[in-house]
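A.B. asks: Encoded as structure tokens, here's the structure I'll be asking about.
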Amino acid sequence: MNSNVLNDDLNKRKQNMINKTSRILMGIMLISFPLFINAQQKLKRADSFFGFHFDFHATANDKDLGKYFNEKDLADFLRRTKPDYVQIDSKGHPGFSSYPTKVGYSANSFNQDPMRLWREVTNSFNIPLYVHYSGIWDDKGISSNPEWARVNADGSKDLRHAAYLGPYSDKLLIPQIKEMIDNYKIDGAWIDGDCWATGPDYSPEVVDAFLQVTGLDAVPLNSEDPNYGKWLDFNRTKFKQYLEHYVDAIHTYKPGFQVASNWAYSSMMPEKVNINVDFLSGDVSGQNCVYSAAFQARCLALQGKPWDLMSWGFVPLDFSAGIHSPKSLVQLQQEAAQVMAMGGGFQVYFQQNRDASFQNSIDVDAMTKLAEFCRERQPFCQNSNVIPQIALWYSGEGWKKDNKGVYGWGSNMEGLNNLFMDGQNSVEILMDHHLDERMEKYPVIVIPEWDHYDRILKKRLLEYVHNGGNLFVMGANAVNQFEPYLGVTFVETNSHEQFNIGDKDLNGITGIRTNWQKVTPKEGTSTIGHVYHQRDYRFATEFPVATIADYGKGKIAGLYMDLSESYNVSRHPIYNKIVNNVLDKLNPTPGVRVIGSEKIHVVLGKNESNILVHLINADGAHFNKNVYGYSEVMPSNSLTIEIKSNNKPKAINLQPDGKRLKFDYQKNLITVNVPPVDIYSIIEVEY
């Protein structure tokens with residue numbers, strides 16, 4: 001043995017001795033100093049509310065894993081923030097496990113076992129430990145085992161993604177989860193890179209089964225084939241077969257183990273939950289997460305499962321290199337507010353260091369304040385429900401038409417959800433099964449630019465209106481599906497044009513470039529707004545922006561241009577004024593009305609017998625792509641809130657401060673004045 005090798009060996013032994021000594025001292029500190037101990041009860045995910053997620057997607061280039069792990073830093077963070085759970089990396093999309101696996105592939109360069117250290121520290125606080133594990137997406141596992149790979153339409157192997165019916169889950173995913181259960185006693189798994197990493201799988205098993213079920217002679221190869229929709233639906237079935245297989249296998253091996261597949265049964269998979277996942281979750285990344293969190297929360301809130309959303313604690317400049325712009329406390333508070341107001345749990349994501357250790361650059365003071373912010377509101381938010389007001393229909397058929405993949409991105413609804421929220425409207429998102437179950441509960445149902453629907457639901461929706469409901473159809477193509485009921489005559493086919501919209505009575509006008517369907521109102525149809533070909537109120541065309549017509553005992557409104565994309569790139573108050581004017585005519589006495597500020601988002605909810613009005617300050621530059629961080633928002637103006645109520649309340653409290661507010665109650669309407677909202681206030685109407 002040469003001297004260099006001998007010195008390296010001695011240095012390594014010395015470092016191991018130091019690490020071992022540090023761990024012993026850390027254990028003594030945890031035993032000796034009560035301040036380190038968090039006496040909380042270990043919670044199931046269904047009972048959890050606030051947590052942290054850490055990962056780093058280990059690669060073959062990561063060396064000396066665990067070398068810089070500082071248990072004291074992590075213990076101090078957990079002692080101060082007191083999360084209900086912690087999630088850490090186990091295997092990311094590159095496919096290399098960040099613990100010394102005997103089943104799969106790891107960097108094989110461990111100074112210490114980082115997962116062991118995370119487990120020891122979380123155990124000392126009785127905090128559940130979940131692992132982040134990349135599912136279908138696995139670069140190393142699939143490239144090393146091409147027989148596991150998804151097959152492309154041209155017959156080539158996709159060496160990044162697993163086949164749905166292949167051996168990947170039995171050979172790698174399930175054995176590795178079992179390995180971590182046995183070796184680290186982990187409490188659950190958050191499976192990433194799953195539904196949103198799907199794609200059409202032309203593996204022989206899938207193709208043969210499809211041809212047998214459908215009776216077709218050939219499998220569709222692209223979206224031009226009229227049977228391509230059937231092919232995507234069949235792939236969705238096979239993905240769910242894969243998902244159900246590993247979920248059931250893990251539950252059988254370890255009853256009580258908690259499993260979620262990231263973004264399953266969300267906006268990216270808008271279906272009824274029919275697989276025994278324990279909770280639903282997703283991560284809203286990058287910028288504009290105040291609006292993204294609000295949209296995604298509404299897609300999960302009615303799914304009947306415990307759910308949470310994760311906000312990235314940073315805006316990535318170079319994700320893999322760890323070059324980030326951290327978000328401020330204020331930004332994360334606003335994002336948390338959007339989730340909590342809908343009854344969900346909240347978690348924050350930070351990366352681990354490249355050696356899998358806890359990053360001591362995290363602002364512990366800010367995260368402690370964020371935890372306090374969430375905990376103060378937890379009694380009024382956790383498991384609360386939204387009182388039905390306005391429902392946006394997430395049409396499954398419309399989504400399938402617009403989304404050319406199996407699952408994943410593809411909804412056009414977010415812009416209109418933002419528009420309704422910015423108009424101080426309490427809005428929910430209903431997928432097909434929600435609409436089927438809950439339709440009659442809502443005073444107003446909105447079709448947000450979809451032009452394909454389940455025909456039975458469409459028929460039921462028209463019956464709902466005929467019996468006294470209110471329908472608002474929005475979009476140049478959507479209105480074509482309801483032409484006989486809108487009380488208008490269609491002029492030409494819709495086209496993509498630029499023009500002005502507004503009205504002198506609405507005190508506003510703005511230019512827009514979008515799809516537009518020209519209509520002229522019939523006798524008895526009321527109109528809102530005008531189209532102008534120049535910015536002058538004197539030169540209004542005969543074409544309205546929106547109309548309202550009677551249909552049976554109810555009303556149908558139409559808005560004849562697409563606003564979703566336009567609102568997301570060129571916002572103007574006239575959009576909100578037009579939409580709110582329509583809503584006021586459809587439902588003159590909403591459950592809640594906010595007067596005094598245009599930057600408040602409102603959710604009308606309930607918790608047991610009390611009404612809750614969630615007021616979220618949406619100020620700030622989160623919508624500006626050129627702004628990565630901001631540290632303050634302007635408080636709102638003082639507000640006047642009107643709340644419909646059949647009974648006079650005992651008291652009205654401003655939460656979480658517990659301040660009693662004076663109120664007036666006349667003709668089933670509560671009127672209460674509310675001080676400026678800094679970030680997130682809750683009006684509790686106590687009966």
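Naming scheme: A, B, ... for chains in displayed order of the structure tokens; residues 1 onward per chain; ligands 1 onward as shown.
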Need to verify the contact set: Thr514 of chain A, 8 Å, only C-alpha atoms, exclusion of same-chain residues closer than 5 positions in sequence. Can you return it as an mmCIF file with N, CA and C atoms, in the first residue's frame?
C.D. replies:
data_model
loop_
_atom_site.group_PDB
_atom_site.id
_atom_site.type_symbol
_atom_site.label_atom_id
_atom_site.label_comp_id
_atom_site.auth_asym_id
_atom_site.auth_seq_id
_atom_site.Cartn_x
_atom_site.Cartn_y
_atom_site.Cartn_z
ATOM 1 N N HIS A 496 -60.456 34.948 -35.124
ATOM 2 C CA HIS A 496 -59.452 35.532 -34.238
ATOM 3 C C HIS A 496 -59.227 36.970 -34.693
ATOM 4 N N GLU A 497 -59.593 37.935 -33.847
ATOM 5 C CA GLU A 497 -59.537 39.338 -34.242
ATOM 6 C C GLU A 497 -59.022 40.193 -33.089
ATOM 7 N N GLN A 498 -58.771 41.472 -33.405
ATOM 8 C CA GLN A 498 -58.461 42.453 -32.370
ATOM 9 C C GLN A 498 -59.503 43.560 -32.414
ATOM 10 N N MET A 561 -66.414 35.709 -26.346
ATOM 11 C CA MET A 561 -65.003 35.723 -26.719
ATOM 12 C C MET A 561 -64.196 34.996 -25.659
ATOM 13 N N ASP A 562 -63.016 34.504 -26.034
ATOM 14 C CA ASP A 562 -62.129 33.834 -25.093
ATOM 15 C C ASP A 562 -61.386 34.882 -24.266
ATOM 16 N N LEU A 563 -61.460 34.739 -22.943
ATOM 17 C CA LEU A 563 -60.791 35.682 -22.050
ATOM 18 C C LEU A 563 -59.672 35.041 -21.240
ATOM 19 N N SER A 566 -56.174 35.821 -22.559
ATOM 20 C CA SER A 566 -56.036 37.280 -22.565
ATOM 21 C C SER A 566 -55.883 37.822 -21.156
#
A.B. asks: Could you go through segment 105-347 of chain A and tell me which residues DSSP, when run on the backbone, assigns to strand (DSSP E or B), listing them as a ChimeraX atom specification?
C.D. replies: /A:106,110,129-134,137,149-151,157-162,188-192,258-261,280-284,307-312,314-318,323-326,345-347
A.B. asks: Leaving out His433 of chain A and any residue of its chain fewer than 5 positions from it, which residues lie within 12 Å of it when counting only C-alpha atoms, given as an MDAnalysis selection string?
C.D. replies: chainID A and resid 265 270:274 302:304 393:396 438:439 454 456:457
A.B. asks: Would you mind exporting N, CA and C atoms of the selected residues as a PDB file, in the first residue's frame?
C.D. replies:
ATOM      1  N   TYR A 265     -55.207  12.566  -9.736  1.00  0.00           N
ATOM      2  CA  TYR A 265     -56.565  13.043  -9.447  1.00  0.00           C
ATOM      3  C   TYR A 265     -56.604  14.549  -9.184  1.00  0.00           C
ATOM      4  N   PRO A 270     -58.026  14.698 -14.185  1.00  0.00           N
ATOM      5  CA  PRO A 270     -59.327  15.137 -13.657  1.00  0.00           C
ATOM      6  C   PRO A 270     -60.378  14.036 -13.659  1.00  0.00           C
ATOM      7  N   GLU A 271     -60.218  13.105 -12.731  1.00  0.00           N
ATOM      8  CA  GLU A 271     -61.109  11.955 -12.650  1.00  0.00           C
ATOM      9  C   GLU A 271     -61.480  11.690 -11.198  1.00  0.00           C
ATOM     10  N   LYS A 272     -62.490  10.878 -11.019  1.00  0.00           N
ATOM     11  CA  LYS A 272     -62.881  10.439  -9.686  1.00  0.00           C
ATOM     12  C   LYS A 272     -61.827   9.501  -9.119  1.00  0.00           C
ATOM     13  N   VAL A 273     -61.513   9.651  -7.839  1.00  0.00           N
ATOM     14  CA  VAL A 273     -60.511   8.796  -7.205  1.00  0.00           C
ATOM     15  C   VAL A 273     -61.052   7.372  -7.115  1.00  0.00           C
ATOM     16  N   ASN A 274     -60.353   6.443  -7.740  1.00  0.00           N
ATOM     17  CA  ASN A 274     -60.801   5.044  -7.718  1.00  0.00           C
ATOM     18  C   ASN A 274     -59.659   4.090  -7.401  1.00  0.00           C
ATOM     19  N   LEU A 302     -62.421  18.905  -3.663  1.00  0.00           N
ATOM     20  CA  LEU A 302     -63.657  18.117  -3.628  1.00  0.00           C
ATOM     21  C   LEU A 302     -63.436  16.642  -3.917  1.00  0.00           C
ATOM     22  N   GLN A 303     -62.184  16.188  -3.945  1.00  0.00           N
ATOM     23  CA  GLN A 303     -61.903  14.820  -4.369  1.00  0.00           C
ATOM     24  C   GLN A 303     -62.115  13.772  -3.279  1.00  0.00           C
ATOM     25  N   GLY A 304     -62.446  14.198  -2.067  1.00  0.00           N
ATOM     26  CA  GLY A 304     -62.810  13.237  -1.030  1.00  0.00           C
ATOM     27  C   GLY A 304     -61.648  12.530  -0.379  1.00  0.00           C
ATOM     28  N   TRP A 393     -67.016  24.435 -14.353  1.00  0.00           N
ATOM     29  CA  TRP A 393     -67.062  23.033 -14.771  1.00  0.00           C
ATOM     30  C   TRP A 393     -65.766  22.655 -15.469  1.00  0.00           C
ATOM     31  N   TYR A 394     -65.051  21.700 -14.869  1.00  0.00           N
ATOM     32  CA  TYR A 394     -63.856  21.135 -15.491  1.00  0.00           C
ATOM     33  C   TYR A 394     -64.318  19.945 -16.332  1.00  0.00           C
ATOM     34  N   SER A 395     -64.635  20.184 -17.577  1.00  0.00           N
ATOM     35  CA  SER A 395     -65.199  19.154 -18.448  1.00  0.00           C
ATOM     36  C   SER A 395     -64.144  18.108 -18.792  1.00  0.00           C
ATOM     37  N   GLY A 396     -64.412  16.867 -18.453  1.00  0.00           N
ATOM     38  CA  GLY A 396     -63.496  15.785 -18.790  1.00  0.00           C
ATOM     39  C   GLY A 396     -63.353  15.607 -20.291  1.00  0.00           C
ATOM     40  N   ARG A 438     -73.296  17.279  -7.364  1.00  0.00           N
ATOM     41  CA  ARG A 438     -73.518  18.513  -6.607  1.00  0.00           C
ATOM     42  C   ARG A 438     -74.202  19.630  -7.391  1.00  0.00           C
ATOM     43  N   MET A 439     -74.582  19.392  -8.603  1.00  0.00           N
ATOM     44  CA  MET A 439     -75.031  20.451  -9.498  1.00  0.00           C
ATOM     45  C   MET A 439     -76.043  21.401  -8.869  1.00  0.00           C
ATOM     46  N   ASP A 454     -69.629  15.849 -21.631  1.00  0.00           N
ATOM     47  CA  ASP A 454     -70.425  14.647 -21.467  1.00  0.00           C
ATOM     48  C   ASP A 454     -71.880  15.008 -21.791  1.00  0.00           C
ATOM     49  N   ILE A 456     -74.726  13.569 -21.329  1.00  0.00           N
ATOM     50  CA  ILE A 456     -75.731  13.384 -20.277  1.00  0.00           C
ATOM     51  C   ILE A 456     -75.656  14.531 -19.280  1.00  0.00           C
ATOM     52  N   LEU A 457     -74.432  14.950 -18.945  1.00  0.00           N
ATOM     53  CA  LEU A 457     -74.277  16.077 -18.026  1.00  0.00           C
ATOM     54  C   LEU A 457     -74.778  17.369 -18.651  1.00  0.00           C
TER      55      LEU A 457
END
A.B. asks: Go through A:Phe96, A:Phe210, A:Phe56, A:Tyr246 and flag the residue nearest Leu173 of chain A, using only C-alpha atoms for the distances.
C.D. replies: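 Selected residue with least distance to Leu173 of chain A: A:Tyr246.
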A.B. asks: Would you list the contacts of Ala153 of chain A as a VMD selection string, taking every protein, DNA or RNA residue within 6 Å and counting only C-alpha atoms, but skipping same-chain residues closer than 2 positions in sequence?
C.D. replies: chain A and resid 155 202 221
A.B. asks: What's around Ile127 of chain A at 12 Å? Count only C-alpha atoms, leave out sequence neighbours fewer than 2 positions away in its own chain, and write the answer as an MDAnalysis selection string.
C.D. replies: chainID A and resid 37:45 48 50:52 75 78:79 81:87 118:125 129:130 185:188
